[in-house]
Structure formats: C-alpha cells, structure tokens
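Visitor: Before I ask anything, here is the structure I am working with.
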Amino acid sequence: MWIPIQINEQSAEPLYHQIEVQLRALIVSGQLAEGTLLPSIRELAQSVKCSVITIRRVYQDLENEGLLRTRQGTGTFVAKVGDAMRDLHRRSAVIEALESAVDAGLRVQCSDDEMMEILRDVLQRKRAASSNPGGGA
Amino acid sequence: MEPMVIEVRGVLQKRKHFQLGPIDLQIPQGYVTAIVGPNGSGKSSLFRLMLDLAKPDAGEIELFGERVGSGDDTMMKQRIGYVPEQAIDVEDSLRADQKAAFISQWYPSWDLNRYQELLRRFEVDTSLKLGRMSKGMRRKFDLAIAMAHNPDLLLLDEPSSGLDPIAWKTMIDAIHRYMERGDRTVLMASHIIDEVKRLADYIVFIVHGRVLGMYEKDALLESWYSFYIDTGEGAVNWKAMPGYRSAEPNGGSMYKVITSEALEAERWCTASGVHITGKQKLELDDILTALIEQERLRIRS
C-alpha cells in the first residue's frame, strides 16, 4: 500500500516529525479509514527513504496517541478515532500551520492588521477556488 | 535495545603497513548497518575477521553470542550469507548450477525455489561459466548464492560494485524484501552514498582502520549542517559553537561554518546574537570528508 507522504529534504523539520504530522493528518481526516492496514515499518521506510528507526518512532508515537494499534504478528492498523479526538487533532494541525505562518509574518515584521488581512485574502481566494474548481488556482 | 548479532571487542590486526583497530563495535539485530569509509580503511579485513578467515592479534568477535574461532562453527556459519569483495577466481571454470550444487551441500536450509527465484529476478544466465559472466552478472549470482539459504545475517562487501543502475535497483529491492521479516540483519560495506541512504538504518564510519563512530542514519543527516554566517564587524568565537567542525571565509564578512549539532548550534547563534543567513544539510560524503580531515589532524597532533 502506498501512502502519500512527501518529504521536504530542505526543511529543518526533523524527518520523523514531517512523517508523523502527515500520517496523523491522513488518519484524522479520514483519508486512512479505521481498520486500514498500514505498510510494515521496513516497507514505509523504503518508500520514504528513511531508516526503520524513524518509522518505528512515528508508529509508536501515533499508537500512544491512540491513532494506531499494533497487533502482534499481523501489523499496524488505523484505530477508531473518536469525534472528540478527531476534533482536537483537526484543530491542532491547523493551529500548528498557522503558528508557522505567523512566524513567517513576524520575520518580515508584518503588523497584526496586515496579517489578518492576508489571512482573509487567502481564505477568500481558496474558498472561491474550491467552489469553482474549473476556475483555475 | 535489540539483541546484538555481532560484537567486536578490542579487535586488533597488525600488518606491516597497516593496523586495523583496536575496534569495538556492536551490530544490532533487525537492522541494516552500513560500514562507510574510503578504500583501504579496513572494511574487508573486518569482514574476514568476523568470518574467521583471518585471525586478530588481539581482541575477540562474537556472532550470535558465540565466539568466532573457538571451535566447530558449522552451525554458526550456516546462519550467515557472505558476499566477498572479489569473486573467487578458482571457480571461474564452474558453471553457475555446479557452484550452487556444491554450495548447497553446506546449508541444510538451502531453498532451491528461492535460489531460482533470485536468479530469475536478477536475470542471471545459469548456462554460463562463472568466468564468462560480466562483472555485474557475477555479482548478482554471488548475491543469489548468499541469500538462497535464507540466512539470519548477510555480510555484504561492496555488494553493488559492477552493477548497472537497473540491476542495482533490483538488488536494493531484494535486500529490502529480505529485511521485511524484521528479525534479520545486514552488515554491508559501501561507499556508494545513494545505496547507504536507501538501505542503511545505522552507519559506521571507518577511516585508517579506526571506527570513528556509529550513528543512526536519519539523526546523523539531520544534525550535520553548514551555516552561512555574516560576522559583520566583530569576530565570532566559532569554537564555542556546539558541534563546531570548521569555519572558512566565504567572501566579505561571510563565513561557512560546519556543525554536527545543528539544533544546538542554531540556538547558540540566536543566544549569542550571531545571524545565520543560510543553511544547508551536508551529504553523507561531505560528512565523511569532514571526519577524515579531523582524523588526519588528530593523527598529526
């Protein structure tokens, strides 16, 4: 099974963190449904070109969060994600993304108003694009 | 921590022009460990010592908890697959299947189906005499022979030398599949950076017969960075930077500084008001070069 995880080689984010964030998002968003059998640790390591140590760490973290469960001898599966938990993760992913956007703004000395304005612009553009998929962007 | 498949303790081998060791090394079960080092750094000698094909002048090696060279090692060797650096030339006149028939006698777990599947996948022409095979085909044949008895441990000395890119990918894939079960172990010597990046979980650097360290691959590649730093008017005491390795002028008041502890170094820069204008991850060969350079300075001093 192929899992759409994209590694940004230039990013300063540690590899395990990049993989973990993306895999968590796939589970929480329901793109990987409950009960889905994930690739073995070696298989996923091969496909994202990292070591099994990194993948094992990601699987363990997500298992501790209750998003994955491992059955001895069969493999690692996507667990049932409760609504409360889904909501929590749903928001935390967004918060994290916004935090790094705000960091980017602070680096170039954006004012609060400026940043709010940019956020509104981006929102408007994206909403318009998704309600009119033929319209480009 | 996982059980260790190989334990090397204080191993020393003295030759007229070269000294290997003293080496201490532990290879964990379930991982691919790559030994990386320049030619002549002692990688092949280490393999030979592990297989009791050469004797150390001091120290000892254990494989699967059993001391190498301590008596009948038939059972131990049945659990190992070995691809030497160079094909054995006295076998040149044998045909592939003759060699397989000979080798298979020594391995009760020899799996004929597996052998044939590997030959098919590697596209080896078994009607040829070994001496008539191209270098790449001979290599693939040797690898098939080493894997056909489903060993617990694979020792691969420069496995990909002579392989074309397609055969190389097939080999990488075969090793990944071999590792899939999770309890098998590969120790390979390589200086092909891409091969190490794709296969290895751990990396051991060997230079001039000495082990310079064993690292988790991903952590290693994430911790070595070069920073581009503008010193402006003042001077910076680079040596105080965590993981500092080297600093060289890079035009004007710019410096290129290499650190092996990127995260801490970056924090240090922020805290001491040093401005990083750019950063870049080091590739494996750059890391090796930096380590070799350091080793050279150490020997000289």
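By order in the structure tokens, chains are A, B, ...; within a chain, residues start at 1; ligands start at 1, following the order shown.
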Got a sec: who's within 12 Å of Val81 (chain A), counting only C-alpha atoms, leaving out chain neighbours fewer than 5 positions off, as a list in words?
Guide: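 My list of contacting residues is Arg24, Ala25, Leu26, Ile27, Val28, Ser29, Gly30, Leu32, Ala33, Glu34, Gly35, Leu62, Glu63, Glu65, Gly66, Leu67, Leu68, Arg69, Arg86, Asp87, Leu88, His89 and Arg90 of chain A.
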Visitor: May I ask you to extract the residues of chain A within 6 Å of chain B, using only C-alpha atoms, and to give them as number ranges by chain?
Guide: A: 42, 49, 51
Visitor: Using DSSP on the backbone, list every residue of region 21-236 of chain B that comes out as alpha helix (DSSP H), and give them as a PyMOL selection string.
Guide: chain B and resi 43-50+74-78+96-104+112-122+135-147+165-179+193-199+217-223
Visitor: May I have the residues from that selection written out with C-alpha atoms, as a PDB file, in the first residue's frame?
Guide:
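That gives us again_4.pdb:
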ATOM      1  CA  LYS B  43      36.376  -2.743   5.846  1.00  0.00           C
ATOM      2  CA  SER B  44      37.140  -6.008   4.058  1.00  0.00           C
ATOM      3  CA  SER B  45      39.652  -7.046   6.701  1.00  0.00           C
ATOM      4  CA  LEU B  46      36.964  -6.645   9.320  1.00  0.00           C
ATOM      5  CA  PHE B  47      34.633  -8.960   7.388  1.00  0.00           C
ATOM      6  CA  ARG B  48      37.390 -11.550   7.100  1.00  0.00           C
ATOM      7  CA  LEU B  49      37.998 -11.407  10.841  1.00  0.00           C
ATOM      8  CA  MET B  50      34.295 -11.864  11.543  1.00  0.00           C
ATOM      9  CA  THR B  74      29.460 -25.029  11.159  1.00  0.00           C
ATOM     10  CA  MET B  75      26.132 -24.205  12.759  1.00  0.00           C
ATOM     11  CA  MET B  76      27.060 -20.568  13.161  1.00  0.00           C
ATOM     12  CA  LYS B  77      28.169 -20.204   9.561  1.00  0.00           C
ATOM     13  CA  GLN B  78      25.008 -21.804   8.284  1.00  0.00           C
ATOM     14  CA  ALA B  96      26.509 -21.419 -12.108  1.00  0.00           C
ATOM     15  CA  ASP B  97      24.493 -24.512 -11.252  1.00  0.00           C
ATOM     16  CA  GLN B  98      27.618 -26.504 -10.441  1.00  0.00           C
ATOM     17  CA  LYS B  99      28.652 -23.939  -7.914  1.00  0.00           C
ATOM     18  CA  ALA B 100      25.126 -23.816  -6.486  1.00  0.00           C
ATOM     19  CA  ALA B 101      25.069 -27.603  -6.173  1.00  0.00           C
ATOM     20  CA  PHE B 102      28.380 -27.501  -4.336  1.00  0.00           C
ATOM     21  CA  ILE B 103      27.450 -24.646  -2.015  1.00  0.00           C
ATOM     22  CA  SER B 104      24.019 -26.066  -1.213  1.00  0.00           C
ATOM     23  CA  LEU B 112      16.043 -24.261  -4.272  1.00  0.00           C
ATOM     24  CA  ASN B 113      12.904 -22.287  -5.116  1.00  0.00           C
ATOM     25  CA  ARG B 114      14.320 -19.198  -3.519  1.00  0.00           C
ATOM     26  CA  TYR B 115      17.598 -19.660  -5.383  1.00  0.00           C
ATOM     27  CA  GLN B 116      15.776 -19.917  -8.687  1.00  0.00           C
ATOM     28  CA  GLU B 117      13.515 -17.010  -7.933  1.00  0.00           C
ATOM     29  CA  LEU B 118      16.543 -14.839  -7.138  1.00  0.00           C
ATOM     30  CA  LEU B 119      18.285 -15.863 -10.350  1.00  0.00           C
ATOM     31  CA  ARG B 120      15.159 -15.044 -12.312  1.00  0.00           C
ATOM     32  CA  ARG B 121      14.782 -11.690 -10.673  1.00  0.00           C
ATOM     33  CA  PHE B 122      18.458 -10.871 -11.156  1.00  0.00           C
ATOM     34  CA  LYS B 135      31.177  -8.423 -13.591  1.00  0.00           C
ATOM     35  CA  GLY B 136      27.620  -7.343 -12.812  1.00  0.00           C
ATOM     36  CA  MET B 137      26.093 -10.753 -13.501  1.00  0.00           C
ATOM     37  CA  ARG B 138      28.733 -12.478 -11.404  1.00  0.00           C
ATOM     38  CA  ARG B 139      27.895 -10.101  -8.571  1.00  0.00           C
ATOM     39  CA  LYS B 140      24.188 -10.832  -8.815  1.00  0.00           C
ATOM     40  CA  PHE B 141      24.932 -14.547  -8.909  1.00  0.00           C
ATOM     41  CA  ASP B 142      27.082 -14.268  -5.778  1.00  0.00           C
ATOM     42  CA  LEU B 143      24.299 -12.397  -4.042  1.00  0.00           C
ATOM     43  CA  ALA B 144      21.722 -15.027  -5.015  1.00  0.00           C
ATOM     44  CA  ILE B 145      24.038 -17.741  -3.658  1.00  0.00           C
ATOM     45  CA  ALA B 146      24.471 -15.828  -0.398  1.00  0.00           C
ATOM     46  CA  MET B 147      20.730 -15.378   0.078  1.00  0.00           C
ATOM     47  CA  PRO B 165      21.567   1.065 -12.400  1.00  0.00           C
ATOM     48  CA  ILE B 166      18.732  -1.352 -13.125  1.00  0.00           C
ATOM     49  CA  ALA B 167      20.466  -4.320 -11.542  1.00  0.00           C
ATOM     50  CA  TRP B 168      21.376  -2.041  -8.658  1.00  0.00           C
ATOM     51  CA  LYS B 169      17.728  -1.233  -8.007  1.00  0.00           C
ATOM     52  CA  THR B 170      16.833  -4.912  -8.157  1.00  0.00           C
ATOM     53  CA  MET B 171      19.497  -5.609  -5.577  1.00  0.00           C
ATOM     54  CA  ILE B 172      18.291  -2.839  -3.251  1.00  0.00           C
ATOM     55  CA  ASP B 173      14.787  -4.208  -3.572  1.00  0.00           C
ATOM     56  CA  ALA B 174      15.922  -7.765  -2.853  1.00  0.00           C
ATOM     57  CA  ILE B 175      17.652  -6.608   0.321  1.00  0.00           C
ATOM     58  CA  HIS B 176      14.584  -4.677   1.449  1.00  0.00           C
ATOM     59  CA  ARG B 177      12.450  -7.770   0.926  1.00  0.00           C
ATOM     60  CA  TYR B 178      14.957  -9.893   2.767  1.00  0.00           C
ATOM     61  CA  MET B 179      14.708  -7.499   5.722  1.00  0.00           C
ATOM     62  CA  ILE B 193      26.261   7.226  -0.975  1.00  0.00           C
ATOM     63  CA  ASP B 194      22.889   6.622  -2.545  1.00  0.00           C
ATOM     64  CA  GLU B 195      22.991   2.972  -1.588  1.00  0.00           C
ATOM     65  CA  VAL B 196      23.700   3.812   2.027  1.00  0.00           C
ATOM     66  CA  LYS B 197      20.945   6.407   2.033  1.00  0.00           C
ATOM     67  CA  ARG B 198      18.404   3.952   0.701  1.00  0.00           C
ATOM     68  CA  LEU B 199      19.330   0.902   2.696  1.00  0.00           C
ATOM     69  CA  LYS B 217      21.335   7.433   9.729  1.00  0.00           C
ATOM     70  CA  ASP B 218      18.435   9.897   9.824  1.00  0.00           C
ATOM     71  CA  ALA B 219      19.669  11.562  13.002  1.00  0.00           C
ATOM     72  CA  LEU B 220      23.157  11.878  11.500  1.00  0.00           C
ATOM     73  CA  LEU B 221      21.926  13.504   8.302  1.00  0.00           C
ATOM     74  CA  GLU B 222      19.769  15.881  10.304  1.00  0.00           C
ATOM     75  CA  SER B 223      22.497  17.062  12.614  1.00  0.00           C
TER      76      SER B 223
END
Visitor: Quick one: distance from CA of Leu212 (chain B) to CA of Asp57 (chain B) in Å, one decimal?
Guide: 20.7 Å
Visitor: What does the distance between CA of Pro242 (chain B) and CA of Ile229 (chain B) come to in Å, to one decimal place?
Guide: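 Answer for the CA of Pro242 (chain B) to CA of Ile229 (chain B) separation: 14.9 Å.
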Visitor: If you measure from CA of Arg79 (chain B) to CA of Arg184 (chain B), what distance in Å do you get, rounded to one decimal?
Guide: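 CA of Arg79 (chain B) sits 10.3 Å away from CA of Arg184 (chain B).
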Visitor: Using only C-alpha atoms, which protein or nucleic acid residues come within 8 Å of Met1 (chain A)? Drop anything in the same chain fewer than 2 positions from it, and give the result as a PyMOL selection string.
Guide: chain A and resi 3+38-39
Visitor: Using only C-alpha atoms, please write the residues we just selected to a file, as a PDB file, in the first residue's frame.
Guide:
ATOM      1  CA  ILE A   3       0.867   6.277   1.492  1.00  0.00           C
ATOM      2  CA  LEU A  38      -0.524   0.256   7.244  1.00  0.00           C
ATOM      3  CA  PRO A  39       2.636  -0.818   5.416  1.00  0.00           C
TER       4      PRO A  39
END
Visitor: Report as a list of chain:residue names all protein, DNA and RNA residues lying within 8 Å of Ser190 (chain B), evaluated on only C-alpha atoms, omitting residues in the same chain fewer than 4 positions from it.
Guide: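 What passes the distance filter is B:Ala34, B:Ile35, B:Val36, B:Gly37, B:Asp157, B:Glu158, B:Pro159, B:Glu195, B:Val196.
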Visitor: Next, the residues of the selection above should be written as a PDB file, in the first residue's frame with C-alpha atoms.
Guide:
ATOM      1  CA  ALA B  34      26.464   0.218   6.575  1.00  0.00           C
ATOM      2  CA  ILE B  35      30.200   0.478   7.063  1.00  0.00           C
ATOM      3  CA  VAL B  36      31.345   3.567   5.229  1.00  0.00           C
ATOM      4  CA  GLY B  37      34.931   4.527   4.646  1.00  0.00           C
ATOM      5  CA  ASP B 157      31.283  -6.372   0.984  1.00  0.00           C
ATOM      6  CA  GLU B 158      30.642  -3.679  -1.638  1.00  0.00           C
ATOM      7  CA  PRO B 159      27.626  -5.574  -2.979  1.00  0.00           C
ATOM      8  CA  GLU B 195      22.991   2.972  -1.588  1.00  0.00           C
ATOM      9  CA  VAL B 196      23.700   3.812   2.027  1.00  0.00           C
TER      10      VAL B 196
END
Visitor: Report as number ranges by chain all protein, DNA and RNA residues lying within 7 Å of region 11-24 of chain B, evaluated on only C-alpha atoms, omitting residues in the same chain fewer than 3 positions from it.
Guide: B: 8, 42, 56-60, 209-211
Visitor: Quick one: DSSP strand (DSSP E or B) residues in region 136-176 of chain B, as a list in words?
Guide: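 For region 136-176 of chain B, the strand (DSSP E or B) set is Leu153, Leu154, Leu155, Leu156 and Asp157 of chain B.
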